[in-house]
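Peer 1: Here it is, the structure, as structure tokens.
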Amino acid sequence: MSETAPVKRLYIKTYGCQMNVYDSERMADVLAPLGYGLTDSPEHADLVVLNTCHIREKATEKVYSELGQIKRMKQARAAEGAAMTVAVAGCVAQAEGEEILRRQPAVDLVVGPQAYHQLPELIARAHRARGERLAADFAPEEKFDALTTARRPTGVSAFLTVQEGCDKFCTFCVVPYTRGGEWSRPAEAIEAEARALAEQGVREVTLLGQNVNAYAGPDLAGGGLAALVRRLARIEGLDRIRYTTSHPRDMDDALIAAHAEVEALMPYLHLPVQSGSDKVLKAMNRAHTAESYLRLIEKIRASRPDIAISGDFIVGFPGEREADFEATLQLVREVGYASAFSFKYSRRPGTPAAAMPGQVAEEVKDERLARLLALLLEQQAAFNARQAGRVLPVLFEKPGRHEGQIIGRSPYLQSVYVSAPDRLIGRIVPVRIESAGANSLAGALQLETV
């Protein structure tokens, strides 16, 4: 008889608009497979997440004030022999970045609005650094079966876990050690859960996995993620399908073809590369080269020309020289990313990279990260700006910040604000994009829609 992992307590404090409330719900959903259950008090929480908003005046200082209180709670927990992990997410995290970690050492993780899919891996790294283990020592079948019965969607979009673990053993990553090898849910169980979500009004699902495009459902006869996508696309009412996070090694021809042929599969692909230097990629054990990644992007774009590419980057990996970093910048220029998540390399005890020679100085990492972020943000702004004048189908999800305003998502995962009645929430409506900001678009309904 297997043991059930203990529930860890998750406290999320949400600042700002209703969209942030929804994002918090999504984070809770992502963290549920790790054994986290919500609590309404931070004092005894195992994980505290501050999901921040940067719009209100003095929002940043309010977050630092809150972190001061959380720090005292964390110290009290430590005195009792217990641990608390503290994460700052949302718009202040995006704006402040490393400054948060510098000003408040009690913070373990900083996660921007487009990087919530990284929370499980980042939390695993934080626990591993403390010599702890996640509540993951139980059969994946048990966990996924429990998730199936617990789903209560709160909006028109939902996450759907399809795959766990990783067999890639990147030298910087602890996932294979904390989450085990790759394991895929049966397609039949996934389809049943997706149908149940659709019956409750969900119109978009994001298929989740630590290495999601390695999905190999035992009842799909080797069809992989592409076959699963095609199967789910037949569900009535389920109009949009996304998936994250992928590995270049598992981006096969069938999945590329699905992007061209399956209308429900959104033209947005998160495909981490980590570095543009072949020397660094080899040291990372990524098993691809910069050239093979670029040719893969070419192939994907040939199949689906309007696809938006997102990625992950690590700067300052052991042995990275200026020429290696310049190779990363060159790769970014060649690809042209719609969005990306980048961070400094940090030693994780127990990983091969932690013992590698050539550890890069922190000030060098800081300088390189700043240069990379500047380029990525420039590309993101350019991608958003190119949407102006286009008519995009927008899935409306929530009321906006202002009266008479609603917010939805474009096919490229951008937030889109429109002045429109609430009755359009849950519908996919054509919107003419009028202007683009750093993280969102503003548009107007087509006349025939009104």
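Just so we're on the same page: first chain in the structure tokens is A, next is B, and so on; residues restart at 1 for each chain, and ligands are numbered from 1 in the order they show up.
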Which residues of stretch 396-415 of chain A sit at most 9 Å from stretch 427-443 of chain A, using only C-alpha atoms? Give each one's shortest atom pair and distance in Å (one decimal place), in chain and ascending residue order, as a Markdown table.
Peer 2:
| residue | atom | partner | partner_atom | distance |
| --- | --- | --- | --- | --- |
| A:Phe396 | CA | A:Arg427 | CA | 5.9 |
| A:Glu397 | CA | A:Arg427 | CA | 8.3 |
| A:Gly408 | CA | A:Ile428 | CA | 8.8 |
| A:Ser410 | CA | A:Leu441 | CA | 8.9 |
| A:Gln414 | CA | A:Ser440 | CA | 5.8 |
| A:Ser415 | CA | A:Ser440 | CA | 4.7 |
Peer 1: Write out as a PyMOL selection string all residues of stretch 267-437 of chain A that DSSP puts in strand (DSSP E) for this structure's backbone.
Peer 2: chain A and resi 268-270+308-315+339-344+391-399+405-409+415-419+428-436
Peer 1: Of the candidates A:Ala82, A:Cys170, A:Phe343, A:Ser303, which shows the shortest atom-to-atom distance to A:Leu109, using only C-alpha atoms?
Peer 2: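 Looking only at the distances to A:Leu109, the closest residue turns out to be A:Phe343.
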Peer 1: Would you list the contacts of A:Ile190 as a PyMOL selection string, taking every protein, DNA or RNA residue within 12 Å and counting only C-alpha atoms, but skipping same-chain residues closer than 2 positions in sequence?
Peer 2: chain A and resi 144-145+147-149+159-163+184-188+192-197+205-208+215+217-220+225+228-229+231-232+235
Peer 1: Please save N, CA and C atoms of the selected residues as an mmCIF file, in the first residue's frame.
Peer 2:
data_model
loop_
_atom_site.group_PDB
_atom_site.id
_atom_site.type_symbol
_atom_site.label_atom_id
_atom_site.label_comp_id
_atom_site.auth_asym_id
_atom_site.auth_seq_id
_atom_site.Cartn_x
_atom_site.Cartn_y
_atom_site.Cartn_z
ATOM 1 N N PHE A 144 -2.354 11.934 -10.387
ATOM 2 C CA PHE A 144 -3.197 12.344 -11.498
ATOM 3 C C PHE A 144 -4.642 11.921 -11.298
ATOM 4 N N ASP A 145 -4.842 10.779 -10.692
ATOM 5 C CA ASP A 145 -6.220 10.363 -10.408
ATOM 6 C C ASP A 145 -6.882 11.345 -9.438
ATOM 7 N N LEU A 147 -6.123 14.512 -9.088
ATOM 8 C CA LEU A 147 -6.365 15.763 -9.799
ATOM 9 C C LEU A 147 -7.642 15.711 -10.619
ATOM 10 N N THR A 148 -7.902 14.563 -11.215
ATOM 11 C CA THR A 148 -9.073 14.437 -12.079
ATOM 12 C C THR A 148 -10.353 14.722 -11.313
ATOM 13 N N THR A 149 -10.442 14.258 -10.068
ATOM 14 C CA THR A 149 -11.670 14.438 -9.313
ATOM 15 C C THR A 149 -11.758 15.796 -8.640
ATOM 16 N N PHE A 159 -5.591 24.722 -16.849
ATOM 17 C CA PHE A 159 -4.416 23.881 -17.046
ATOM 18 C C PHE A 159 -4.835 22.416 -16.965
ATOM 19 N N LEU A 160 -4.119 21.583 -17.697
ATOM 20 C CA LEU A 160 -4.406 20.147 -17.702
ATOM 21 C C LEU A 160 -3.078 19.394 -17.742
ATOM 22 N N THR A 161 -2.721 18.775 -16.638
ATOM 23 C CA THR A 161 -1.444 18.070 -16.544
ATOM 24 C C THR A 161 -1.506 16.764 -17.321
ATOM 25 N N VAL A 162 -0.528 16.549 -18.204
ATOM 26 C CA VAL A 162 -0.520 15.343 -19.034
ATOM 27 C C VAL A 162 0.752 14.517 -18.854
ATOM 28 N N GLN A 163 1.802 15.128 -18.296
ATOM 29 C CA GLN A 163 3.102 14.456 -18.241
ATOM 30 C C GLN A 163 3.867 14.933 -17.019
ATOM 31 N N SER A 184 3.775 9.558 -18.516
ATOM 32 C CA SER A 184 2.662 10.174 -19.224
ATOM 33 C C SER A 184 1.331 9.571 -18.783
ATOM 34 N N ARG A 185 0.347 10.423 -18.640
ATOM 35 C CA ARG A 185 -1.000 9.956 -18.307
ATOM 36 C C ARG A 185 -1.633 9.274 -19.521
ATOM 37 N N PRO A 186 -2.503 8.324 -19.287
ATOM 38 C CA PRO A 186 -3.244 7.740 -20.416
ATOM 39 C C PRO A 186 -4.082 8.803 -21.120
ATOM 40 N N ALA A 187 -4.124 8.747 -22.434
ATOM 41 C CA ALA A 187 -4.903 9.715 -23.206
ATOM 42 C C ALA A 187 -6.380 9.659 -22.839
ATOM 43 N N GLU A 188 -6.871 8.477 -22.531
ATOM 44 C CA GLU A 188 -8.288 8.334 -22.177
ATOM 45 C C GLU A 188 -8.630 9.153 -20.942
ATOM 46 N N ALA A 192 -11.058 12.483 -20.795
ATOM 47 C CA ALA A 192 -12.193 12.546 -19.886
ATOM 48 C C ALA A 192 -12.152 13.823 -19.057
ATOM 49 N N GLU A 193 -10.956 14.190 -18.593
ATOM 50 C CA GLU A 193 -10.839 15.417 -17.807
ATOM 51 C C GLU A 193 -11.114 16.636 -18.672
ATOM 52 N N ALA A 194 -10.602 16.629 -19.906
ATOM 53 C CA ALA A 194 -10.838 17.754 -20.809
ATOM 54 C C ALA A 194 -12.327 17.903 -21.133
ATOM 55 N N ARG A 195 -13.011 16.795 -21.346
ATOM 56 C CA ARG A 195 -14.445 16.853 -21.612
ATOM 57 C C ARG A 195 -15.198 17.431 -20.418
ATOM 58 N N ALA A 196 -14.798 17.010 -19.213
ATOM 59 C CA ALA A 196 -15.442 17.535 -18.009
ATOM 60 C C ALA A 196 -15.217 19.034 -17.878
ATOM 61 N N LEU A 197 -14.026 19.491 -18.206
ATOM 62 C CA LEU A 197 -13.739 20.923 -18.166
ATOM 63 C C LEU A 197 -14.594 21.666 -19.192
ATOM 64 N N VAL A 205 -7.568 24.897 -23.010
ATOM 65 C CA VAL A 205 -6.749 24.151 -22.055
ATOM 66 C C VAL A 205 -5.283 24.306 -22.432
ATOM 67 N N THR A 206 -4.445 24.379 -21.412
ATOM 68 C CA THR A 206 -2.995 24.356 -21.595
ATOM 69 C C THR A 206 -2.486 23.031 -21.045
ATOM 70 N N LEU A 207 -1.928 22.215 -21.908
ATOM 71 C CA LEU A 207 -1.405 20.914 -21.509
ATOM 72 C C LEU A 207 -0.055 21.104 -20.842
ATOM 73 N N LEU A 208 0.086 20.580 -19.630
ATOM 74 C CA LEU A 208 1.275 20.814 -18.815
ATOM 75 C C LEU A 208 2.130 19.569 -18.669
ATOM 76 N N TYR A 215 5.543 13.679 -24.231
ATOM 77 C CA TYR A 215 4.350 12.907 -23.884
ATOM 78 C C TYR A 215 4.248 11.661 -24.755
ATOM 79 N N GLY A 217 1.532 8.794 -24.288
ATOM 80 C CA GLY A 217 0.446 8.103 -23.601
ATOM 81 C C GLY A 217 0.473 6.610 -23.874
ATOM 82 N N PRO A 218 0.359 5.800 -22.823
ATOM 83 C CA PRO A 218 0.456 4.346 -23.004
ATOM 84 C C PRO A 218 -0.654 3.760 -23.868
ATOM 85 N N ASP A 219 -1.752 4.508 -24.045
ATOM 86 C CA ASP A 219 -2.869 4.009 -24.850
ATOM 87 C C ASP A 219 -2.966 4.711 -26.206
ATOM 88 N N LEU A 220 -1.873 5.387 -26.623
ATOM 89 C CA LEU A 220 -1.888 6.081 -27.912
ATOM 90 C C LEU A 220 -1.058 5.385 -28.982
ATOM 91 N N LEU A 225 2.415 13.598 -28.378
ATOM 92 C CA LEU A 225 1.632 14.788 -28.065
ATOM 93 C C LEU A 225 0.764 15.205 -29.245
ATOM 94 N N LEU A 228 -2.384 13.294 -29.177
ATOM 95 C CA LEU A 228 -3.234 13.742 -28.074
ATOM 96 C C LEU A 228 -3.926 15.046 -28.435
ATOM 97 N N VAL A 229 -3.178 15.982 -29.016
ATOM 98 C CA VAL A 229 -3.760 17.262 -29.420
ATOM 99 C C VAL A 229 -4.907 17.044 -30.402
ATOM 100 N N ARG A 231 -6.750 14.487 -30.735
ATOM 101 C CA ARG A 231 -7.862 13.844 -30.025
ATOM 102 C C ARG A 231 -8.657 14.868 -29.229
ATOM 103 N N LEU A 232 -7.962 15.728 -28.523
ATOM 104 C CA LEU A 232 -8.646 16.738 -27.708
ATOM 105 C C LEU A 232 -9.345 17.779 -28.571
ATOM 106 N N ILE A 235 -13.140 17.597 -29.148
ATOM 107 C CA ILE A 235 -14.098 17.799 -28.060
ATOM 108 C C ILE A 235 -14.930 19.041 -28.323
#
Peer 1: Quick one: which stretch 269-315 of chain A residues come within 9 Å of stretch 344-348 of chain A, and what is the nearest atom pair for each with the distance in Å to one decimal, counting only C-alpha atoms, rows ordered by chain and ascending number, as a Markdown table?
Peer 2:
| residue | atom | partner | partner_atom | distance |
| --- | --- | --- | --- | --- |
| A:Phe313 | CA | A:Lys344 | CA | 8.4 |
| A:Ile314 | CA | A:Lys344 | CA | 5.6 |
| A:Val315 | CA | A:Lys344 | CA | 4.9 |
Peer 1: Considering only C-alpha atoms, return as a ChimeraX atom specification whatever protein or nucleic-acid residues lie within 12 Å of A:Arg72, sequence-local ones (same chain, fewer than 6 positions apart) excluded.
Peer 2: /A:42-44,65-66,78-79,84,86,104-107
Peer 1: To one decimal place in Å, what is the distance between atom CA of A:Tyr337 and atom CA of A:Glu378?
Peer 2: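 According to the coordinates, atom CA of A:Tyr337 and atom CA of A:Glu378 are separated by 9.5 Å.
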Peer 1: DSSP on the backbone, helix (DSSP H, G or I) only: what residues of stretch 278-310 of chain A does that give? Format it as a list in words.
Peer 2: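 For stretch 278-310 of chain A, the helix (DSSP H, G or I) set is Asp278, Lys279, Val280, Leu281, Lys282, Ala283, Met284, Ala290, Glu291, Ser292, Tyr293, Leu294, Arg295, Leu296, Ile297, Glu298, Lys299, Ile300, Arg301, Ala302 and Ser303 of chain A.
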Peer 1: For the residues in the current selection, export C-alpha atoms as a PDB file, in the first residue's frame.
Peer 2:
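The resulting result.pdb:
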ATOM      1  CA  ASP A 278      27.491  25.122 -28.528  1.00  0.00           C
ATOM      2  CA  LYS A 279      30.214  24.844 -25.886  1.00  0.00           C
ATOM      3  CA  VAL A 280      27.800  25.888 -23.152  1.00  0.00           C
ATOM      4  CA  LEU A 281      24.969  23.750 -24.536  1.00  0.00           C
ATOM      5  CA  LYS A 282      27.249  20.713 -24.420  1.00  0.00           C
ATOM      6  CA  ALA A 283      28.225  21.498 -20.833  1.00  0.00           C
ATOM      7  CA  MET A 284      24.520  21.812 -20.020  1.00  0.00           C
ATOM      8  CA  ALA A 290      22.497  26.426 -31.692  1.00  0.00           C
ATOM      9  CA  GLU A 291      22.378  25.541 -35.383  1.00  0.00           C
ATOM     10  CA  SER A 292      19.992  22.607 -34.889  1.00  0.00           C
ATOM     11  CA  TYR A 293      17.730  24.839 -32.784  1.00  0.00           C
ATOM     12  CA  LEU A 294      17.693  27.542 -35.469  1.00  0.00           C
ATOM     13  CA  ARG A 295      16.924  24.987 -38.190  1.00  0.00           C
ATOM     14  CA  LEU A 296      14.116  23.631 -36.015  1.00  0.00           C
ATOM     15  CA  ILE A 297      12.646  27.125 -35.666  1.00  0.00           C
ATOM     16  CA  GLU A 298      12.863  27.503 -39.453  1.00  0.00           C
ATOM     17  CA  LYS A 299      11.004  24.239 -39.933  1.00  0.00           C
ATOM     18  CA  ILE A 300       8.301  25.201 -37.454  1.00  0.00           C
ATOM     19  CA  ARG A 301       7.808  28.609 -39.087  1.00  0.00           C
ATOM     20  CA  ALA A 302       7.675  27.038 -42.525  1.00  0.00           C
ATOM     21  CA  SER A 303       4.815  24.901 -41.268  1.00  0.00           C
TER      22      SER A 303
END
